[in-house]
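Structure data follow from my_file39.txt (compact mmCIF, C-alpha atoms):
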```txt
# COMPACT_ATOMS: atom_id res chain seq x y z
CA MET X 1 0.00 0.00 0.00
CA SER X 2 2.82 2.46 0.83
CA LYS X 3 4.30 1.74 -2.62
CA ARG X 4 1.00 2.86 -4.22
CA ILE X 5 0.90 6.01 -2.12
CA SER X 6 4.52 6.81 -3.00
CA LEU X 7 3.73 6.31 -6.70
CA LEU X 8 0.68 8.56 -6.38
CA ILE X 9 2.62 11.31 -4.65
CA LEU X 10 5.37 11.12 -7.25
CA THR X 11 2.86 11.26 -10.12
CA LEU X 12 1.04 14.25 -8.61
CA LEU X 13 4.28 16.11 -7.91
CA ILE X 14 5.47 15.60 -11.46
CA ALA X 15 2.11 16.74 -12.81
CA ALA X 16 1.99 19.76 -10.49
CA ALA X 17 5.49 20.84 -11.48
CA GLY X 18 4.57 20.55 -15.15
CA ILE X 19 7.49 18.29 -15.99
CA GLY X 20 7.54 14.79 -17.33
CA LEU X 21 9.91 12.03 -18.21
CA ASN X 22 10.14 13.57 -21.69
CA ALA X 23 10.47 17.24 -22.46
CA GLU X 24 7.70 17.17 -25.06
CA GLY X 25 4.02 16.43 -24.48
CA SER X 26 2.51 13.11 -25.39
CA GLY X 27 1.28 14.51 -28.67
CA ALA X 28 -2.44 13.88 -28.24
CA THR X 29 -4.25 15.64 -31.05
CA GLY X 30 -7.85 16.73 -30.80
CA THR X 31 -8.02 16.25 -27.03
CA GLY X 32 -10.39 18.64 -25.29
CA ALA X 33 -10.70 19.38 -21.58
CA GLY X 34 -13.10 21.67 -19.75
CA PHE X 35 -16.70 21.92 -18.67
CA SER X 36 -19.36 19.74 -20.27
CA GLU X 37 -21.81 22.62 -19.97
CA ASP X 38 -21.12 25.98 -21.57
CA LYS X 39 -24.09 27.71 -19.91
CA LEU X 40 -26.96 26.90 -17.62
CA THR X 41 -29.74 28.60 -15.70
CA VAL X 42 -30.46 27.69 -12.08
CA GLN X 43 -32.82 28.83 -9.36
CA THR X 44 -31.59 31.05 -6.52
CA GLY X 45 -30.72 28.83 -3.55
CA GLN X 46 -30.41 25.69 -5.69
CA THR X 47 -27.46 23.31 -5.37
CA PHE X 48 -26.22 22.09 -8.75
CA TYR X 49 -23.05 20.69 -10.28
CA ILE X 50 -20.89 21.38 -13.29
CA THR X 51 -18.75 18.65 -14.81
CA VAL X 52 -15.09 18.83 -15.78
CA ALA X 53 -14.68 16.41 -18.70
CA VAL X 54 -12.25 15.29 -21.37
CA ASN X 55 -12.92 14.42 -25.00
CA ASP X 56 -10.86 12.24 -27.34
CA VAL X 57 -7.96 11.66 -24.94
CA SER X 58 -5.41 8.85 -25.18
CA ASP X 59 -3.65 7.21 -22.23
CA LEU X 60 -4.99 9.58 -19.54
CA TYR X 61 -3.54 8.52 -16.19
CA ALA X 62 -3.95 11.57 -13.94
CA CYS X 63 -5.17 15.14 -13.97
CA GLN X 64 -5.18 18.26 -11.86
CA CYS X 65 -7.29 21.39 -12.20
CA GLU X 66 -7.91 24.82 -10.71
CA LEU X 67 -10.79 27.21 -11.28
CA GLU X 68 -12.23 30.59 -10.39
CA TYR X 69 -15.77 31.63 -9.46
CA ASP X 70 -17.50 34.73 -8.07
CA THR X 71 -18.17 34.39 -4.31
CA GLU X 72 -21.01 36.91 -4.54
CA TYR X 73 -23.08 34.48 -6.62
CA LEU X 74 -21.71 30.99 -6.03
CA GLU X 75 -20.70 28.96 -3.01
CA PRO X 76 -18.76 25.72 -3.51
CA VAL X 77 -20.42 22.84 -1.65
CA ASP X 78 -18.70 19.59 -2.64
CA ALA X 79 -16.76 17.70 -5.28
CA ALA X 80 -17.22 14.15 -6.54
CA GLU X 81 -15.00 12.02 -8.72
CA GLY X 82 -16.21 11.47 -12.26
CA ALA X 83 -16.38 7.97 -13.72
CA PHE X 84 -13.85 8.23 -16.56
CA LEU X 85 -10.51 7.36 -14.92
CA SER X 86 -12.00 4.31 -13.21
CA SER X 87 -14.15 3.25 -16.17
CA ASP X 88 -12.13 0.05 -16.67
CA GLY X 89 -12.30 -0.92 -12.98
CA ALA X 90 -9.04 0.75 -11.95
CA ASP X 91 -8.67 2.01 -8.41
CA THR X 92 -8.23 5.77 -8.21
CA TYR X 93 -7.22 8.39 -5.68
CA PHE X 94 -9.14 11.68 -5.61
CA ALA X 95 -7.42 14.56 -3.85
CA ILE X 96 -10.23 16.86 -2.73
CA PRO X 97 -9.46 20.38 -3.92
CA ASN X 98 -8.48 23.20 -1.60
CA ILE X 99 -11.24 25.83 -1.57
CA GLU X 100 -10.25 29.47 -1.14
CA PRO X 101 -12.60 32.42 -1.60
CA GLY X 102 -13.09 32.69 -5.37
CA GLU X 103 -10.80 29.76 -6.22
CA ILE X 104 -10.77 25.99 -6.13
CA GLN X 105 -7.16 24.82 -6.17
CA ARG X 106 -5.21 21.62 -6.67
CA GLY X 107 -8.00 19.15 -7.22
CA ALA X 108 -6.30 16.01 -8.51
CA LEU X 109 -7.26 12.51 -9.58
CA THR X 110 -5.02 9.60 -10.51
CA ARG X 111 -5.26 5.92 -11.35
CA LEU X 112 -3.60 3.48 -8.95
CA SER X 113 -4.06 -0.11 -9.98
CA ARG X 114 -3.23 -0.11 -13.69
CA ASP X 115 -0.05 0.48 -15.68
CA GLU X 116 -1.88 2.24 -18.51
CA GLY X 117 -4.19 5.19 -18.88
CA VAL X 118 -7.66 5.29 -20.39
CA ASP X 119 -8.74 6.38 -23.86
CA GLY X 120 -11.89 8.17 -24.95
CA SER X 121 -14.17 10.77 -23.42
CA GLY X 122 -15.86 11.17 -20.05
CA SER X 123 -16.32 12.98 -16.76
CA ILE X 124 -13.33 13.72 -14.52
CA VAL X 125 -14.95 15.56 -11.61
CA HIS X 126 -18.31 17.04 -10.67
CA LEU X 127 -18.17 20.34 -8.76
CA PHE X 128 -21.21 21.24 -6.66
CA PHE X 129 -22.20 24.87 -6.07
CA ARG X 130 -25.07 26.67 -4.34
CA ALA X 131 -26.57 29.61 -6.24
CA LEU X 132 -26.55 32.52 -3.76
CA GLN X 133 -28.34 35.38 -5.49
CA GLU X 134 -29.90 36.44 -8.75
CA THR X 135 -27.66 37.53 -11.62
CA ASP X 136 -27.88 37.67 -15.40
CA ARG X 137 -24.54 35.92 -15.64
CA THR X 138 -21.65 34.71 -13.56
CA THR X 139 -18.86 32.49 -14.79
CA VAL X 140 -16.92 29.55 -13.46
CA ARG X 141 -13.58 29.61 -15.26
CA LEU X 142 -11.07 26.81 -15.53
CA LYS X 143 -7.74 28.51 -14.79
CA ASN X 144 -5.68 25.45 -15.44
CA ILE X 145 -6.14 21.79 -16.20
CA GLN X 146 -3.24 19.46 -16.53
CA LEU X 147 -3.60 16.01 -18.07
CA VAL X 148 -0.80 13.45 -17.87
CA ASP X 149 -0.26 10.03 -19.39
CA ARG X 150 1.07 6.84 -17.75
CA ASN X 151 4.65 8.17 -18.07
CA ALA X 152 3.73 11.47 -16.37
CA ARG X 153 4.06 13.37 -19.66
CA ASP X 154 1.76 16.28 -20.34
CA ILE X 155 -1.07 15.59 -22.77
CA ASP X 156 -1.72 18.44 -25.21
CA LYS X 157 -5.30 19.69 -25.15
CA ASP X 158 -7.63 22.48 -26.13
CA TYR X 159 -10.24 23.90 -23.75
CA LEU X 160 -13.85 22.83 -24.22
CA ASN X 161 -16.20 25.83 -24.23
CA SER X 162 -13.18 28.11 -23.75
CA GLY X 163 -12.79 26.69 -20.24
CA ARG X 164 -15.86 28.56 -19.04
CA CYS X 165 -19.35 27.76 -17.82
CA ARG X 166 -21.68 30.77 -17.79
CA ILE X 167 -24.41 30.58 -15.16
CA THR X 168 -27.61 32.59 -14.91
CA ILE X 169 -29.27 32.60 -11.47
CA GLY X 170 -32.89 33.64 -11.14
CA ASP X 171 -35.40 33.82 -8.31
CA GLU X 172 -38.12 32.78 -10.77
CA ALA X 173 -35.99 30.38 -12.83
CA ALA X 174 -37.16 26.79 -13.15
CA MET X 175 -35.31 24.25 -11.02
CA TYR X 176 -32.36 22.92 -13.03
CA ILE X 177 -32.75 19.12 -13.07
CA GLN X 178 -29.62 16.95 -13.27
CA PRO X 179 -28.94 13.21 -12.88
CA ASP X 180 -27.87 12.19 -9.37
CA ILE X 181 -24.15 11.69 -8.83
CA ALA X 182 -23.12 8.82 -6.55
CA PHE X 183 -20.36 9.64 -4.07
```
Same coordinates, now as structure tokens:
Amino acid sequence: MSKRISLLILTLLIAAAGIGLNAEGSGATGTGAGFSEDKLTVQTGQTFYITVAVNDVSDLYACQCELEYDTEYLEPVDAAEGAFLSSDGADTYFAIPNIEPGEIQRGALTRLSRDEGVDGSGSIVHLFFRALQETDRTTVRLKNIQLVDRNARDIDKDYLNSGRCRITIGDEAAMYIQPDIAF
């Protein structure tokens, strides 16, 4: 078990430092990372989630992300691991992000029980917020997302929806209905 934890720490440190075993990225072409939703409308007081996802990725082994939000309109409530990195039955470790006013920092997720990453598209993490007060638009912005392969090399990517999710909050808005997320 301590060997797995040591491997995890090493992988996360390499990813956080932005270095890899090779100087160049893994060369993934067409990979996208960001929010599944580009905009949504929620009711004041409602708790909802937005999903950080990847599209068309090859050999994804770990990721880390940071984002910004406006504390006047949104309050972070929770985070839940998405299904993608464990989609083949691999064990994973989810480092709950550090929440500072206006920022969510150093959320990380890595595979533990496999020697290879996963290919395809899917959800990485679901971030839960409470809508605090009415506004025509507030934005959650992905400041940084780092994807790494099984060799801890950066995976090149473009941002989905420009790395932003625009949120309208209304007292009279209909309740935004989403599928339940299992923790």
Between stretch 51-158 of chain X and stretch 32-45 of chain X, at 6 Å or less, what are the per-residue closest atom pairs and their distances in Å? Count all atoms listed in the file, order by chain and rising residue number, and return it as JSON lines.
```
{"residue": "X:Thr51", "atom": "CA", "partner": "X:Phe35", "partner_atom": "CA", "distance": 5.5}
{"residue": "X:Val52", "atom": "CA", "partner": "X:Phe35", "partner_atom": "CA", "distance": 4.5}
{"residue": "X:Ala53", "atom": "CA", "partner": "X:Gly34", "partner_atom": "CA", "distance": 5.6}
{"residue": "X:Val54", "atom": "CA", "partner": "X:Ala33", "partner_atom": "CA", "distance": 4.4}
{"residue": "X:Asn55", "atom": "CA", "partner": "X:Gly32", "partner_atom": "CA", "distance": 4.9}
{"residue": "X:Ala131", "atom": "CA", "partner": "X:Gly45", "partner_atom": "CA", "distance": 5.0}
{"residue": "X:Leu132", "atom": "CA", "partner": "X:Gly45", "partner_atom": "CA", "distance": 5.6}
{"residue": "X:Gln133", "atom": "CA", "partner": "X:Thr44", "partner_atom": "CA", "distance": 5.5}
{"residue": "X:Lys157", "atom": "CA", "partner": "X:Gly32", "partner_atom": "CA", "distance": 5.2}
{"residue": "X:Asp158", "atom": "CA", "partner": "X:Gly32", "partner_atom": "CA", "distance": 4.8}
```
Taking C-alpha atoms for each residue, export the selection above as an mmCIF file, in the frame of the given file.
```cif
data_model
loop_
_atom_site.group_PDB
_atom_site.id
_atom_site.type_symbol
_atom_site.label_atom_id
_atom_site.label_comp_id
_atom_site.auth_asym_id
_atom_site.auth_seq_id
_atom_site.Cartn_x
_atom_site.Cartn_y
_atom_site.Cartn_z
ATOM 1 C CA THR X 51 -18.750 18.650 -14.810
ATOM 2 C CA VAL X 52 -15.090 18.830 -15.780
ATOM 3 C CA ALA X 53 -14.680 16.410 -18.700
ATOM 4 C CA VAL X 54 -12.250 15.290 -21.370
ATOM 5 C CA ASN X 55 -12.920 14.420 -25.000
ATOM 6 C CA ALA X 131 -26.570 29.610 -6.240
ATOM 7 C CA LEU X 132 -26.550 32.520 -3.760
ATOM 8 C CA GLN X 133 -28.340 35.380 -5.490
ATOM 9 C CA LYS X 157 -5.300 19.690 -25.150
ATOM 10 C CA ASP X 158 -7.630 22.480 -26.130
#
```
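The spacing separating atom CA of X:Ile104 from atom CA of X:Glu72 amounts to 15.1 Å.
Each of X:Asp88, X:Asp149, X:Asp78, X:Glu134 was checked against X:Ile167 using all atoms listed in the file; the smallest atom-to-atom distance is that of X:Glu134.
Computed from the coordinates, the atom CA of X:Glu68 to atom CA of X:Pro101 distance equals 9.0 Å.
With distances restricted to all atoms listed in the file, X:Ile124 is the closest residue to X:Gly82 from X:Ile124, X:Ala173, X:Leu160, X:Cys63.
Distance annotation: of X:Tyr73, X:Tyr176, X:Phe129, X:Tyr61, the residue with the minimal separation from X:Ser87 is X:Tyr61; atom set is all atoms listed in the file.
We find atom CA of X:Ser113 and atom CA of X:Asp156 to be spaced 24.1 Å apart.
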Inset, instruction - Can you pull out every residue within 6 Å of X:Gly117, counting all atoms listed in the file, but drop anything in the same chain fewer than 4 positions away, and send it as a PyMOL selection string? - result: chain X and resi 59-61+150
Around all listed atoms of stretch 170-176 of chain X, padded 3 Å per side, what centre and edge lengths does the axis-aligned box have in Å to one decimal, as lines of an AutoDock Vina configuration file?
```
center_x = -35.2
center_y = 28.4
center_z = -10.7
size_x = 11.8
size_y = 16.9
size_z = 10.8
```
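Compared by their closest atoms to X:Thr139, and using all atoms listed in the file, the residues X:Leu112, X:Ala79, X:Met175, X:Ile50 rank with X:Ile50 nearest.
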Legend entry - Closest of X:Thr135, X:Leu142, X:Ser121, X:Thr110 to X:Tyr69 - atom-to-atom distances counting all atoms listed in the file: X:Leu142
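Residue nearest X:Asp136 within the list X:Ile99, X:Ile169, X:Leu85, X:Ala108: X:Ile169 [criterion: smallest interatomic distance, only C-alpha atoms].
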Select from stretch 39-92 of chain X every residue with an atom at most 10 Å from any atom of stretch 178-182 of chain X, then for each give the shortest pair of atoms and their distance in Å to one decimal, using all atoms listed in the file, rows by chain and rising number, as CSV.
```
residue,atom,partner,partner_atom,distance
X:Phe48,CA,X:Gln178,CA,7.6
X:Tyr49,CA,X:Gln178,CA,8.1
X:Ile50,CA,X:Gln178,CA,9.8
X:Ala80,CA,X:Ile181,CA,7.7
X:Glu81,CA,X:Ala182,CA,9.0
X:Gly82,CA,X:Ile181,CA,8.7
X:Ala83,CA,X:Ala182,CA,9.9
```
Inset, instruction - Mind checking which residues fall within 10 Å of X:Leu67, counting all atoms listed in the file, ignoring those fewer than 6 positions away in the same chain, and posting them as a ChimeraX atom specification? - result: /X:99,102-107,140-145,163-164
